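Peer 1: Coordinates in my_file27.txt, compact mmCIF, N, CA and C atoms, are listed below.
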# COMPACT_ATOMS: atom_id res chain seq x y z
N MET R 1 -48.69 -174.40 -152.27
CA MET R 1 -49.65 -174.25 -151.19
C MET R 1 -48.92 -174.14 -149.86
N ARG R 2 -47.90 -175.00 -149.72
CA ARG R 2 -47.16 -174.95 -148.46
C ARG R 2 -46.40 -173.64 -148.30
N ALA R 3 -45.95 -173.10 -149.40
CA ALA R 3 -45.20 -171.84 -149.34
C ALA R 3 -46.08 -170.71 -148.84
N VAL R 4 -47.35 -170.74 -149.08
CA VAL R 4 -48.28 -169.70 -148.64
C VAL R 4 -48.71 -169.94 -147.20
N ALA R 5 -48.86 -171.19 -146.79
CA ALA R 5 -49.35 -171.52 -145.45
C ALA R 5 -48.34 -171.17 -144.37
N LEU R 6 -47.06 -171.34 -144.65
CA LEU R 6 -46.03 -171.06 -143.64
C LEU R 6 -45.99 -169.59 -143.24
N PRO R 7 -45.98 -168.64 -144.18
CA PRO R 7 -46.00 -167.23 -143.76
C PRO R 7 -47.28 -166.86 -143.02
N LEU R 8 -48.41 -167.48 -143.38
CA LEU R 8 -49.66 -167.16 -142.68
C LEU R 8 -49.63 -167.66 -141.24
N MET R 9 -49.04 -168.82 -141.01
CA MET R 9 -48.94 -169.36 -139.65
C MET R 9 -47.99 -168.50 -138.80
N LEU R 10 -46.89 -168.07 -139.37
CA LEU R 10 -45.95 -167.22 -138.65
C LEU R 10 -46.59 -165.88 -138.30
N ALA R 11 -47.38 -165.34 -139.22
CA ALA R 11 -48.04 -164.07 -138.97
C ALA R 11 -49.06 -164.19 -137.85
N ALA R 12 -49.65 -165.37 -137.69
CA ALA R 12 -50.64 -165.57 -136.64
C ALA R 12 -49.97 -165.64 -135.25
N PHE R 13 -48.74 -166.16 -135.16
CA PHE R 13 -48.08 -166.32 -133.86
C PHE R 13 -47.25 -165.11 -133.43
N LEU R 14 -46.86 -164.25 -134.33
CA LEU R 14 -46.02 -163.10 -133.97
C LEU R 14 -46.70 -162.14 -132.99
N PRO R 15 -47.96 -161.77 -133.17
CA PRO R 15 -48.57 -160.86 -132.19
C PRO R 15 -48.67 -161.49 -130.80
N ALA R 16 -48.90 -162.79 -130.71
CA ALA R 16 -48.98 -163.44 -129.40
C ALA R 16 -47.63 -163.44 -128.71
N ALA R 17 -46.55 -163.64 -129.48
CA ALA R 17 -45.20 -163.62 -128.90
C ALA R 17 -44.85 -162.22 -128.43
N ALA R 18 -45.29 -161.21 -129.15
CA ALA R 18 -44.99 -159.83 -128.75
C ALA R 18 -45.74 -159.47 -127.47
N LEU R 19 -46.95 -159.99 -127.30
CA LEU R 19 -47.72 -159.69 -126.10
C LEU R 19 -47.18 -160.43 -124.87
N ALA R 20 -46.52 -161.55 -125.07
CA ALA R 20 -46.02 -162.35 -123.96
C ALA R 20 -44.81 -161.71 -123.31
N GLN R 21 -44.13 -160.82 -123.99
CA GLN R 21 -42.95 -160.19 -123.42
C GLN R 21 -43.38 -159.08 -122.48
N ALA R 22 -42.74 -159.04 -121.32
CA ALA R 22 -43.07 -158.02 -120.33
C ALA R 22 -42.11 -156.84 -120.49
N GLY R 23 -42.64 -155.68 -120.48
CA GLY R 23 -41.83 -154.47 -120.58
C GLY R 23 -41.97 -153.65 -119.31
N PRO R 24 -41.47 -152.44 -119.30
CA PRO R 24 -41.60 -151.60 -118.12
C PRO R 24 -43.06 -151.23 -117.89
N PRO R 25 -43.46 -151.00 -116.64
CA PRO R 25 -44.86 -150.65 -116.38
C PRO R 25 -45.19 -149.28 -116.96
N SER R 26 -46.45 -149.11 -117.31
CA SER R 26 -46.87 -147.82 -117.86
C SER R 26 -46.89 -146.78 -116.73
N PRO R 27 -46.78 -145.50 -117.07
CA PRO R 27 -46.64 -144.45 -116.04
C PRO R 27 -47.80 -144.37 -115.05
N GLY R 28 -48.98 -144.79 -115.38
CA GLY R 28 -50.11 -144.62 -114.49
C GLY R 28 -50.40 -145.82 -113.59
N THR R 29 -49.64 -146.89 -113.67
CA THR R 29 -49.95 -148.10 -112.90
C THR R 29 -49.51 -147.96 -111.45
N VAL R 30 -50.26 -148.60 -110.56
CA VAL R 30 -49.96 -148.61 -109.14
C VAL R 30 -49.13 -149.85 -108.84
N ARG R 31 -48.02 -149.66 -108.16
CA ARG R 31 -47.15 -150.79 -107.84
C ARG R 31 -47.49 -151.34 -106.47
N ALA R 32 -47.47 -152.65 -106.37
CA ALA R 32 -47.71 -153.31 -105.08
C ALA R 32 -46.37 -153.37 -104.33
N PRO R 33 -46.36 -153.13 -103.02
CA PRO R 33 -45.11 -153.20 -102.27
C PRO R 33 -44.59 -154.63 -102.23
N LYS R 34 -43.26 -154.75 -102.29
CA LYS R 34 -42.65 -156.07 -102.23
C LYS R 34 -42.56 -156.51 -100.78
N THR R 35 -42.84 -157.78 -100.55
CA THR R 35 -42.72 -158.32 -99.21
C THR R 35 -41.56 -159.29 -99.18
N SER R 36 -40.80 -159.25 -98.12
CA SER R 36 -39.66 -160.16 -98.00
C SER R 36 -40.09 -161.41 -97.27
N GLY R 37 -39.24 -162.42 -97.29
CA GLY R 37 -39.53 -163.68 -96.63
C GLY R 37 -39.28 -163.64 -95.13
N VAL R 38 -38.79 -162.52 -94.59
CA VAL R 38 -38.50 -162.41 -93.17
C VAL R 38 -39.80 -162.24 -92.40
N ALA R 39 -39.90 -162.89 -91.26
CA ALA R 39 -41.11 -162.79 -90.45
C ALA R 39 -41.28 -161.35 -89.97
N GLY R 40 -42.46 -160.82 -90.13
CA GLY R 40 -42.72 -159.46 -89.70
C GLY R 40 -42.86 -159.37 -88.19
N GLY R 41 -42.58 -158.21 -87.65
CA GLY R 41 -42.74 -158.00 -86.23
C GLY R 41 -41.55 -158.43 -85.40
N THR R 42 -40.46 -158.84 -85.99
CA THR R 42 -39.28 -159.23 -85.23
C THR R 42 -38.48 -157.97 -84.93
N SER R 43 -38.24 -157.73 -83.67
CA SER R 43 -37.54 -156.51 -83.30
C SER R 43 -36.07 -156.78 -83.09
N ARG R 44 -35.30 -155.72 -83.00
CA ARG R 44 -33.87 -155.81 -82.76
C ARG R 44 -33.59 -156.40 -81.40
N SER R 45 -34.49 -156.19 -80.46
CA SER R 45 -34.26 -156.63 -79.09
C SER R 45 -35.01 -157.93 -78.78
N ALA R 46 -35.22 -158.77 -79.78
CA ALA R 46 -35.87 -160.05 -79.54
C ALA R 46 -34.91 -160.97 -78.80
N PRO R 47 -35.41 -161.72 -77.82
CA PRO R 47 -34.51 -162.59 -77.06
C PRO R 47 -33.95 -163.72 -77.93
N VAL R 48 -32.68 -164.03 -77.72
CA VAL R 48 -32.02 -165.12 -78.42
C VAL R 48 -31.71 -166.18 -77.38
N ASN R 49 -32.23 -167.38 -77.57
CA ASN R 49 -32.06 -168.49 -76.63
C ASN R 49 -32.56 -168.12 -75.23
N GLY R 50 -33.60 -167.30 -75.17
CA GLY R 50 -34.20 -166.95 -73.90
C GLY R 50 -33.50 -165.84 -73.16
N VAL R 51 -32.44 -165.27 -73.72
CA VAL R 51 -31.69 -164.20 -73.06
C VAL R 51 -31.72 -162.97 -73.95
N LEU R 52 -32.05 -161.84 -73.34
CA LEU R 52 -32.10 -160.57 -74.05
C LEU R 52 -30.83 -159.80 -73.72
N VAL R 53 -30.10 -159.37 -74.73
CA VAL R 53 -28.86 -158.63 -74.52
C VAL R 53 -29.18 -157.14 -74.59
N LEU R 54 -28.81 -156.41 -73.54
CA LEU R 54 -29.04 -154.97 -73.46
C LEU R 54 -27.70 -154.25 -73.52
N TYR R 55 -27.69 -153.07 -74.12
CA TYR R 55 -26.47 -152.28 -74.24
C TYR R 55 -26.68 -150.93 -73.57
N GLY R 56 -25.66 -150.48 -72.87
CA GLY R 56 -25.72 -149.17 -72.21
C GLY R 56 -26.69 -149.19 -71.05
N ASN R 57 -27.58 -148.19 -71.00
CA ASN R 57 -28.53 -148.09 -69.90
C ASN R 57 -29.96 -148.44 -70.32
N GLU R 58 -30.12 -149.38 -71.25
CA GLU R 58 -31.45 -149.85 -71.63
C GLU R 58 -32.07 -150.62 -70.48
N ARG R 59 -33.41 -150.55 -70.39
CA ARG R 59 -34.11 -151.26 -69.31
C ARG R 59 -34.55 -152.63 -69.77
N CYS R 60 -34.56 -153.56 -68.86
CA CYS R 60 -35.04 -154.90 -69.14
C CYS R 60 -36.57 -154.85 -69.19
N PRO R 61 -37.18 -155.28 -70.30
CA PRO R 61 -38.64 -155.14 -70.45
C PRO R 61 -39.41 -156.11 -69.56
N THR R 62 -40.57 -155.66 -69.11
CA THR R 62 -41.51 -156.50 -68.36
C THR R 62 -42.91 -156.24 -68.90
N ASN R 63 -43.92 -156.93 -68.35
CA ASN R 63 -45.29 -156.65 -68.78
C ASN R 63 -45.79 -155.39 -68.08
N ALA R 64 -47.05 -155.04 -68.29
CA ALA R 64 -47.59 -153.79 -67.76
C ALA R 64 -47.58 -153.76 -66.24
N ASN R 65 -47.75 -154.91 -65.57
CA ASN R 65 -47.79 -154.95 -64.11
C ASN R 65 -46.40 -155.12 -63.50
N GLY R 66 -45.40 -155.37 -64.31
CA GLY R 66 -44.06 -155.60 -63.79
C GLY R 66 -43.87 -156.98 -63.19
N GLU R 67 -44.75 -157.92 -63.55
CA GLU R 67 -44.71 -159.26 -62.97
C GLU R 67 -43.93 -160.26 -63.84
N GLU R 68 -43.68 -159.92 -65.08
CA GLU R 68 -43.00 -160.85 -65.99
C GLU R 68 -41.50 -160.83 -65.73
N ILE R 69 -40.90 -162.01 -65.75
CA ILE R 69 -39.46 -162.11 -65.53
C ILE R 69 -38.80 -162.35 -66.88
N VAL R 70 -37.85 -161.48 -67.23
CA VAL R 70 -37.10 -161.60 -68.47
C VAL R 70 -35.62 -161.67 -68.10
N VAL R 71 -34.91 -162.64 -68.67
CA VAL R 71 -33.48 -162.78 -68.41
C VAL R 71 -32.75 -161.83 -69.34
N CYS R 72 -32.00 -160.89 -68.75
CA CYS R 72 -31.29 -159.88 -69.53
C CYS R 72 -29.80 -159.96 -69.23
N SER R 73 -29.01 -159.72 -70.24
CA SER R 73 -27.57 -159.66 -70.10
C SER R 73 -27.14 -158.27 -70.53
N ARG R 74 -26.36 -157.60 -69.71
CA ARG R 74 -25.97 -156.22 -70.00
C ARG R 74 -24.54 -156.16 -70.51
N ARG R 75 -24.34 -155.38 -71.56
CA ARG R 75 -23.01 -155.14 -72.13
C ARG R 75 -22.80 -153.65 -72.28
N PRO R 76 -21.54 -153.21 -72.39
CA PRO R 76 -21.28 -151.77 -72.55
C PRO R 76 -21.88 -151.23 -73.85
N ALA R 77 -22.20 -149.94 -73.86
CA ALA R 77 -22.83 -149.32 -75.02
C ALA R 77 -21.92 -149.33 -76.24
N GLU R 78 -20.61 -149.24 -76.03
CA GLU R 78 -19.70 -149.22 -77.19
C GLU R 78 -19.58 -150.58 -77.87
N GLU R 79 -20.11 -151.64 -77.26
CA GLU R 79 -20.08 -152.98 -77.85
C GLU R 79 -21.32 -153.26 -78.70
N GLN R 80 -22.25 -152.31 -78.78
CA GLN R 80 -23.53 -152.58 -79.43
C GLN R 80 -23.41 -152.96 -80.90
N PHE R 81 -22.56 -152.31 -81.65
CA PHE R 81 -22.46 -152.56 -83.08
C PHE R 81 -21.20 -153.34 -83.45
N ARG R 82 -20.63 -154.06 -82.50
CA ARG R 82 -19.44 -154.86 -82.74
C ARG R 82 -19.79 -156.34 -82.71
N ILE R 83 -18.90 -157.14 -83.24
CA ILE R 83 -19.06 -158.59 -83.15
C ILE R 83 -18.85 -158.98 -81.70
N PRO R 84 -19.70 -159.83 -81.12
CA PRO R 84 -19.55 -160.22 -79.71
C PRO R 84 -18.18 -160.84 -79.44
N LYS R 85 -17.68 -160.65 -78.22
CA LYS R 85 -16.35 -161.14 -77.85
C LYS R 85 -16.23 -162.64 -78.02
N GLU R 86 -17.32 -163.37 -77.81
CA GLU R 86 -17.26 -164.82 -77.95
C GLU R 86 -16.92 -165.24 -79.37
N LEU R 87 -17.28 -164.41 -80.35
CA LEU R 87 -17.06 -164.76 -81.74
C LEU R 87 -15.81 -164.11 -82.33
N ARG R 88 -15.17 -163.20 -81.60
CA ARG R 88 -14.00 -162.51 -82.14
C ARG R 88 -12.76 -163.38 -82.19
N THR R 89 -12.57 -164.22 -81.21
CA THR R 89 -11.38 -165.07 -81.20
C THR R 89 -11.68 -166.32 -82.00
N PHE R 90 -11.11 -166.39 -83.16
CA PHE R 90 -11.36 -167.49 -84.07
C PHE R 90 -10.05 -168.22 -84.31
N GLU R 91 -10.02 -169.48 -83.96
CA GLU R 91 -8.82 -170.28 -84.15
C GLU R 91 -9.04 -171.22 -85.33
N VAL R 92 -8.07 -171.26 -86.22
CA VAL R 92 -8.17 -172.13 -87.39
C VAL R 92 -7.83 -173.55 -86.97
N THR R 93 -8.79 -174.43 -87.13
CA THR R 93 -8.61 -175.85 -86.84
C THR R 93 -8.70 -176.61 -88.15
N PRO R 94 -8.31 -177.88 -88.17
CA PRO R 94 -8.42 -178.62 -89.43
C PRO R 94 -9.84 -178.68 -90.00
N GLU R 95 -10.86 -178.59 -89.14
CA GLU R 95 -12.24 -178.65 -89.62
C GLU R 95 -12.63 -177.38 -90.38
N ASN R 96 -12.11 -176.22 -89.98
CA ASN R 96 -12.50 -174.97 -90.65
C ASN R 96 -11.34 -174.33 -91.41
N GLN R 97 -10.36 -175.12 -91.78
CA GLN R 97 -9.22 -174.62 -92.55
C GLN R 97 -9.61 -174.50 -94.02
N ALA R 98 -9.06 -173.51 -94.70
CA ALA R 98 -9.38 -173.29 -96.11
C ALA R 98 -8.82 -174.43 -96.96
N TRP R 99 -9.51 -174.68 -98.07
CA TRP R 99 -9.06 -175.75 -98.97
C TRP R 99 -7.70 -175.43 -99.56
N ALA R 100 -7.40 -174.17 -99.79
CA ALA R 100 -6.09 -173.79 -100.35
C ALA R 100 -4.97 -174.16 -99.38
N ALA R 101 -5.20 -173.97 -98.08
CA ALA R 101 -4.19 -174.34 -97.09
C ALA R 101 -4.03 -175.85 -97.01
N LYS R 102 -5.14 -176.58 -97.15
CA LYS R 102 -5.05 -178.04 -97.14
C LYS R 102 -4.28 -178.55 -98.35
N ALA R 103 -4.51 -177.94 -99.49
CA ALA R 103 -3.80 -178.34 -100.70
C ALA R 103 -2.31 -178.01 -100.59
N GLN R 104 -1.98 -176.88 -99.99
CA GLN R 104 -0.59 -176.50 -99.79
C GLN R 104 0.11 -177.47 -98.85
N ALA R 105 -0.60 -177.94 -97.83
CA ALA R 105 -0.02 -178.89 -96.89
C ALA R 105 0.25 -180.23 -97.56
N ASN R 106 -0.56 -180.61 -98.53
CA ASN R 106 -0.38 -181.88 -99.23
C ASN R 106 0.61 -181.80 -100.38
N GLN R 107 1.12 -180.62 -100.67
CA GLN R 107 2.01 -180.45 -101.81
C GLN R 107 3.35 -181.15 -101.60
N ASP R 108 3.83 -181.24 -100.37
CA ASP R 108 5.13 -181.83 -100.09
C ASP R 108 5.07 -183.31 -99.76
N VAL R 109 3.92 -183.93 -99.89
CA VAL R 109 3.80 -185.34 -99.58
C VAL R 109 4.60 -186.15 -100.59
N GLY R 110 5.46 -187.02 -100.10
CA GLY R 110 6.25 -187.88 -100.97
C GLY R 110 7.53 -187.24 -101.47
N ALA R 111 7.86 -186.02 -101.04
CA ALA R 111 9.08 -185.37 -101.49
C ALA R 111 10.28 -185.96 -100.76
N VAL R 112 11.39 -186.06 -101.46
CA VAL R 112 12.62 -186.58 -100.88
C VAL R 112 13.76 -185.64 -101.23
N GLY R 113 14.81 -185.69 -100.43
CA GLY R 113 15.99 -184.89 -100.72
C GLY R 113 16.22 -183.82 -99.67
N VAL R 114 17.09 -182.86 -99.99
CA VAL R 114 17.48 -181.81 -99.06
C VAL R 114 16.27 -180.95 -98.73
N GLY R 115 16.08 -180.67 -97.44
CA GLY R 115 15.00 -179.80 -96.99
C GLY R 115 13.69 -180.51 -96.74
N THR R 116 13.62 -181.80 -96.96
CA THR R 116 12.40 -182.54 -96.69
C THR R 116 12.57 -183.35 -95.41
N CYS R 117 11.49 -183.76 -94.83
CA CYS R 117 11.53 -184.57 -93.61
C CYS R 117 11.21 -186.00 -93.99
N SER R 118 12.20 -186.71 -94.49
CA SER R 118 11.99 -188.11 -94.86
C SER R 118 13.25 -188.90 -94.51
N THR R 119 13.14 -190.19 -94.61
CA THR R 119 14.28 -191.05 -94.32
C THR R 119 15.03 -191.41 -95.58
N VAL R 120 14.63 -190.88 -96.71
CA VAL R 120 15.23 -191.22 -97.99
C VAL R 120 16.02 -190.02 -98.52
N GLY R 121 17.21 -190.23 -99.00
CA GLY R 121 17.97 -189.18 -99.65
C GLY R 121 18.99 -188.54 -98.72
N ALA R 122 19.98 -187.92 -99.36
CA ALA R 122 21.04 -187.27 -98.60
C ALA R 122 20.51 -186.00 -97.95
N ASN R 123 20.84 -185.80 -96.69
CA ASN R 123 20.50 -184.58 -95.96
C ASN R 123 18.98 -184.36 -95.84
N SER R 124 18.19 -185.42 -95.92
CA SER R 124 16.74 -185.24 -95.90
C SER R 124 16.20 -184.95 -94.51
N ALA R 125 16.94 -185.30 -93.48
CA ALA R 125 16.48 -185.05 -92.12
C ALA R 125 16.56 -183.57 -91.76
N SER R 126 17.24 -182.76 -92.57
CA SER R 126 17.35 -181.33 -92.27
C SER R 126 15.97 -180.66 -92.31
N GLY R 127 15.07 -181.16 -93.12
CA GLY R 127 13.72 -180.59 -93.18
C GLY R 127 12.94 -180.84 -91.92
N CYS R 128 13.23 -181.93 -91.18
CA CYS R 128 12.54 -182.21 -89.92
C CYS R 128 12.84 -181.13 -88.90
N VAL R 129 14.08 -180.66 -88.87
CA VAL R 129 14.47 -179.60 -87.94
C VAL R 129 13.68 -178.33 -88.25
N VAL R 130 13.55 -178.00 -89.51
CA VAL R 130 12.81 -176.79 -89.90
C VAL R 130 11.34 -176.94 -89.54
N GLN R 131 10.74 -178.10 -89.79
CA GLN R 131 9.33 -178.31 -89.46
C GLN R 131 9.10 -178.25 -87.96
N ASN R 132 9.98 -178.85 -87.18
CA ASN R 132 9.83 -178.81 -85.73
C ASN R 132 10.01 -177.40 -85.19
N ALA R 133 10.94 -176.63 -85.75
CA ALA R 133 11.13 -175.25 -85.31
C ALA R 133 9.91 -174.39 -85.65
N THR R 134 9.33 -174.62 -86.81
CA THR R 134 8.14 -173.87 -87.21
C THR R 134 6.96 -174.22 -86.31
N ARG R 135 6.79 -175.50 -86.00
CA ARG R 135 5.72 -175.93 -85.11
C ARG R 135 5.89 -175.34 -83.72
N TRP R 136 7.14 -175.34 -83.19
CA TRP R 136 7.42 -174.79 -81.87
C TRP R 136 7.10 -173.30 -81.83
N LYS R 137 7.50 -172.56 -82.89
CA LYS R 137 7.24 -171.12 -82.94
C LYS R 137 5.74 -170.84 -82.95
N ARG R 138 4.97 -171.64 -83.72
CA ARG R 138 3.51 -171.48 -83.78
C ARG R 138 2.89 -171.73 -82.40
N GLU R 139 3.36 -172.76 -81.69
CA GLU R 139 2.85 -173.06 -80.35
C GLU R 139 3.18 -171.95 -79.36
N GLN R 140 4.39 -171.38 -79.47
CA GLN R 140 4.78 -170.29 -78.57
C GLN R 140 3.92 -169.05 -78.80
N ARG R 141 3.63 -168.75 -80.06
CA ARG R 141 2.76 -167.59 -80.36
C ARG R 141 1.35 -167.81 -79.81
N ALA R 142 0.83 -169.03 -79.96
CA ALA R 142 -0.51 -169.33 -79.45
C ALA R 142 -0.54 -169.23 -77.94
N ALA R 143 0.53 -169.72 -77.27
CA ALA R 143 0.58 -169.65 -75.80
C ALA R 143 0.68 -168.20 -75.34
N ALA R 144 1.47 -167.37 -76.02
CA ALA R 144 1.59 -165.96 -75.65
C ALA R 144 0.26 -165.24 -75.87
N LYS R 145 -0.44 -165.58 -76.93
CA LYS R 145 -1.73 -164.94 -77.20
C LYS R 145 -2.75 -165.28 -76.13
N THR R 146 -2.81 -166.57 -75.72
CA THR R 146 -3.76 -166.95 -74.67
C THR R 146 -3.37 -166.34 -73.34
N ALA R 147 -2.08 -166.16 -73.07
CA ALA R 147 -1.64 -165.52 -71.83
C ALA R 147 -2.05 -164.05 -71.79
N ASN R 148 -2.03 -163.39 -72.93
CA ASN R 148 -2.42 -161.97 -73.00
C ASN R 148 -3.93 -161.79 -72.98
N ASP R 149 -4.69 -162.78 -73.40
CA ASP R 149 -6.14 -162.67 -73.46
C ASP R 149 -6.82 -162.94 -72.12
N VAL R 150 -6.11 -163.51 -71.15
CA VAL R 150 -6.71 -163.83 -69.86
C VAL R 150 -6.98 -162.53 -69.12
N PRO R 151 -8.21 -162.32 -68.63
CA PRO R 151 -8.53 -161.06 -67.92
C PRO R 151 -7.93 -160.98 -66.55
Now that the file is in, can you turn its structure into structure tokens?
Peer 2:
Amino acid sequence: MRAVALPLMLAAFLPAAALAQAGPPSPGTVRAPKTSGVAGGTSRSAPVNGVLVLYGNERCPTNANGEEIVVCSRRPAEEQFRIPKELRTFEVTPENQAWAAKAQANQDVGAVGVGTCSTVGANSASGCVVQNATRWKREQRAAAKTANDVP
């Protein structure tokens, strides 16, 4: 009896499982447009922090009577599709340093011997000279870069 009941139960559930699967839409169906989560009506020239950035010879918008005051900042037209100058100069600090660089910096912790900067081992102070020279060179490059960036 059980041998007969099992195939009958499976036969009853197979059509329901086949109907639950979604396939491609049929050729005559009308598709609804997809809506994104972005707020509608936001324009490219929407003010950010109360300041509207204009490029080239764009006009600062006002109301119909010309009575509204809008704070506008003007930039050259060739800067329109570039990253703003405030964001172009990026200095790597310990807070925004990559994890790979942090791991590399910790690789020499506890090392002793030639080429390391420690008080243990023969010739271990030679590494301090190399580290100080590298640090000095990095500081000189940073100082030259800031000297060249001053308008």
Peer 1: As an exercise, work out the distance from atom CA of R:Gln131 to atom CA of R:Ser118 in Å and give it to one decimal place.
Peer 2: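 Answer for the atom CA of R:Gln131 to atom CA of R:Ser118 separation: 11.5 Å.
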Peer 1: Rounded to one decimal, what separation in Å do you get between atom N of R:Gly113 and atom N of R:Ala133?
Peer 2: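 Pair atom N of R:Gly113 / atom N of R:Ala133 returns 17.7 Å.
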Peer 1: Tell me, in Å to one decimal, how far atom C of R:Thr89 is from atom N of R:Thr134.
Peer 2: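 Distance between the two atoms: 23.1 Å.
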Peer 1: Go through stretch 32-126 of chain R and collect every residue that DSSP, computed from the backbone, puts in helix (DSSP H, G or I); the answer should be as a compact mmCIF listing (two decimals) with N, CA and C atoms, keeping the file's coordinate frame.
Peer 2:
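Everything below was put into part29.txt:
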# COMPACT_ATOMS: atom_id res chain seq x y z
N ALA R 77 -22.20 -149.94 -73.86
CA ALA R 77 -22.83 -149.32 -75.02
C ALA R 77 -21.92 -149.33 -76.24
N GLU R 78 -20.61 -149.24 -76.03
CA GLU R 78 -19.70 -149.22 -77.19
C GLU R 78 -19.58 -150.58 -77.87
N GLU R 79 -20.11 -151.64 -77.26
CA GLU R 79 -20.08 -152.98 -77.85
C GLU R 79 -21.32 -153.26 -78.70
N LYS R 85 -17.68 -160.65 -78.22
CA LYS R 85 -16.35 -161.14 -77.85
C LYS R 85 -16.23 -162.64 -78.02
N GLU R 86 -17.32 -163.37 -77.81
CA GLU R 86 -17.26 -164.82 -77.95
C GLU R 86 -16.92 -165.24 -79.37
N LEU R 87 -17.28 -164.41 -80.35
CA LEU R 87 -17.06 -164.76 -81.74
C LEU R 87 -15.81 -164.11 -82.33
N ARG R 88 -15.17 -163.20 -81.60
CA ARG R 88 -14.00 -162.51 -82.14
C ARG R 88 -12.76 -163.38 -82.19
N PRO R 94 -8.31 -177.88 -88.17
CA PRO R 94 -8.42 -178.62 -89.43
C PRO R 94 -9.84 -178.68 -90.00
N GLU R 95 -10.86 -178.59 -89.14
CA GLU R 95 -12.24 -178.65 -89.62
C GLU R 95 -12.63 -177.38 -90.38
N ASN R 96 -12.11 -176.22 -89.98
CA ASN R 96 -12.50 -174.97 -90.65
C ASN R 96 -11.34 -174.33 -91.41
N TRP R 99 -9.51 -174.68 -98.07
CA TRP R 99 -9.06 -175.75 -98.97
C TRP R 99 -7.70 -175.43 -99.56
N ALA R 100 -7.40 -174.17 -99.79
CA ALA R 100 -6.09 -173.79 -100.35
C ALA R 100 -4.97 -174.16 -99.38
N ALA R 101 -5.20 -173.97 -98.08
CA ALA R 101 -4.19 -174.34 -97.09
C ALA R 101 -4.03 -175.85 -97.01
N LYS R 102 -5.14 -176.58 -97.15
CA LYS R 102 -5.05 -178.04 -97.14
C LYS R 102 -4.28 -178.55 -98.35
N ALA R 103 -4.51 -177.94 -99.49
CA ALA R 103 -3.80 -178.34 -100.70
C ALA R 103 -2.31 -178.01 -100.59
N GLN R 104 -1.98 -176.88 -99.99
CA GLN R 104 -0.59 -176.50 -99.79
C GLN R 104 0.11 -177.47 -98.85
N ALA R 105 -0.60 -177.94 -97.83
CA ALA R 105 -0.02 -178.89 -96.89
C ALA R 105 0.25 -180.23 -97.56
N SER R 126 17.24 -182.76 -92.57
CA SER R 126 17.35 -181.33 -92.27
C SER R 126 15.97 -180.66 -92.31
Peer 1: Any chance you could list, as a list in words, the residues in stretch 52-86 of chain R that come up strand (DSSP E) when DSSP is run on the backbone?
Peer 2: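 Residues meeting the strand (DSSP E) criterion: Leu52, Val53, Leu54, Tyr55, Val71, Cys72, Ser73, Arg74 and Arg75 of chain R.
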Peer 1: If you count all atoms listed in the file, which residues fall within 6.5 Å of R:Cys72, apart from same-chain ones fewer than 6 positions away, as a list in words?
Peer 2: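 Returned residues: Val51, Leu52, Val53, Leu54 and Cys60 of chain R.
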Peer 1: Between R:Glu95, R:Asn65, R:Tyr55, R:Asn132, which one has atoms that come closest to R:Glu79, using only C-alpha atoms?
Peer 2: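 Result for the nearest residue to R:Glu79: R:Tyr55.
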